[in-house]
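First comes the structure, then the notes that go with it.
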Amino acid sequence: MVLPGVYAPQEDTALLAGALSDESLPPGAAVLDVGTGSGALALAAAGRGGRGTAVDVSGRA
């Protein structure tokens with residue numbers, strides 16, 4: 001679910017998620033998702049055992 005005015009996941013998100021999945025991620029690794037939009041990349045990192053932190057200048061994001 002993405003609120004109106006929030007950048008929805010698109011091809012660039014899928015590209016970055018693929019690059020993230022190609023990297024080894026130690027359990028509990030800290031991952032910073034800057035300009036997060038929907039938070040999809042922070043959630044992808046958390047789903048792999050990382051500690052995803054998502055930040056965005058948009059209050060809606």
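Ligands are numbered from 1 in the order shown, residues from 1 within each chain, and chains are lettered A, B, ... in the order they appear in the structure tokens.
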Please provide the set of residues having any atom within 12 Å of Asp12 (chain A), restricted to only C-alpha atoms, with same-chain residues fewer than 3 positions apart removed, written as JSON, numbers by chain. {"A": [7, 8, 9, 15, 16, 17, 18, 19, 36, 37, 40, 41]}
Taking the DSSP assignment computed from this structure's backbone, write out as an NGL selection string all residues of chain A that belong to strand (DSSP E or B). :A and (30-34 or 51-55)
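The space separating CA of Gly50 (chain A) from CA of Pro27 (chain A) comes to 5.8 Å.
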Name the closest residue to Ala29 (chain A) among the candidates A:Glu11, A:Ala46, A:Val6, A:Ala61; distances are taken between atoms, counting only C-alpha atoms.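 Looking at the shortest contact to Ala29 (chain A), the residue is A:Ala46.
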List the neighbours of Arg48 (chain A) out to 10 Å using only C-alpha atoms; skip same-chain residues closer than 6 positions along the sequence, and give me the result as a ChimeraX atom specification. /A:20-21,24-29
When DSSP is applied to the backbone of this structure, which of chain A are assigned helix (DSSP H, G or I)? Write them out as a PyMOL selection string. chain A and resi 11-22+40-47
Given only C-alpha atoms as the basis, pick out the residue of A:Pro4, A:Gly47, A:Gly52, A:Gly59 nearest to Asp33 (chain A). A:Gly52
Skip Leu32 (chain A) itself and residues of its chain fewer than 4 positions away, then list as an mmCIF file with all heavy atoms, in the first residue's frame all residues within 8 Å of it, counting only C-alpha atoms.
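Wrote part_2.cif, looks like this:
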```cif
data_model
loop_
_atom_site.group_PDB
_atom_site.id
_atom_site.type_symbol
_atom_site.label_atom_id
_atom_site.label_comp_id
_atom_site.auth_asym_id
_atom_site.auth_seq_id
_atom_site.Cartn_x
_atom_site.Cartn_y
_atom_site.Cartn_z
ATOM 1 N N ALA A 42 14.073 -0.788 2.313
ATOM 2 C CA ALA A 42 14.305 -1.029 3.742
ATOM 3 C C ALA A 42 13.590 -2.305 4.174
ATOM 4 O O ALA A 42 14.125 -3.105 4.947
ATOM 5 C CB ALA A 42 13.830 0.160 4.573
ATOM 6 N N GLY A 52 16.706 -2.423 8.662
ATOM 7 C CA GLY A 52 16.453 -1.380 7.679
ATOM 8 C C GLY A 52 15.986 -0.094 8.330
ATOM 9 O O GLY A 52 15.059 -0.110 9.134
ATOM 10 N N THR A 53 16.628 1.007 7.985
ATOM 11 C CA THR A 53 16.205 2.335 8.417
ATOM 12 C C THR A 53 15.833 3.110 7.164
ATOM 13 O O THR A 53 16.623 3.197 6.229
ATOM 14 C CB THR A 53 17.328 3.065 9.170
ATOM 15 O OG1 THR A 53 17.685 2.303 10.326
ATOM 16 C CG2 THR A 53 16.888 4.458 9.593
ATOM 17 N N ALA A 54 14.624 3.656 7.140
ATOM 18 C CA ALA A 54 14.127 4.374 5.973
ATOM 19 C C ALA A 54 13.929 5.845 6.320
ATOM 20 O O ALA A 54 13.300 6.156 7.328
ATOM 21 C CB ALA A 54 12.803 3.761 5.515
ATOM 22 N N VAL A 55 14.492 6.747 5.484
ATOM 23 C CA VAL A 55 14.337 8.189 5.705
ATOM 24 C C VAL A 55 13.936 8.850 4.389
ATOM 25 O O VAL A 55 14.313 8.405 3.314
ATOM 26 C CB VAL A 55 15.619 8.838 6.256
ATOM 27 C CG1 VAL A 55 15.945 8.302 7.631
ATOM 28 C CG2 VAL A 55 16.785 8.641 5.327
#
```
Go ahead and compute the interatomic distance for CA of Glu23 (chain A) and CA of Ser58 (chain A), in Å to one decimal.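 Computed distance, CA of Glu23 (chain A) to CA of Ser58 (chain A), equals 28.4 Å.
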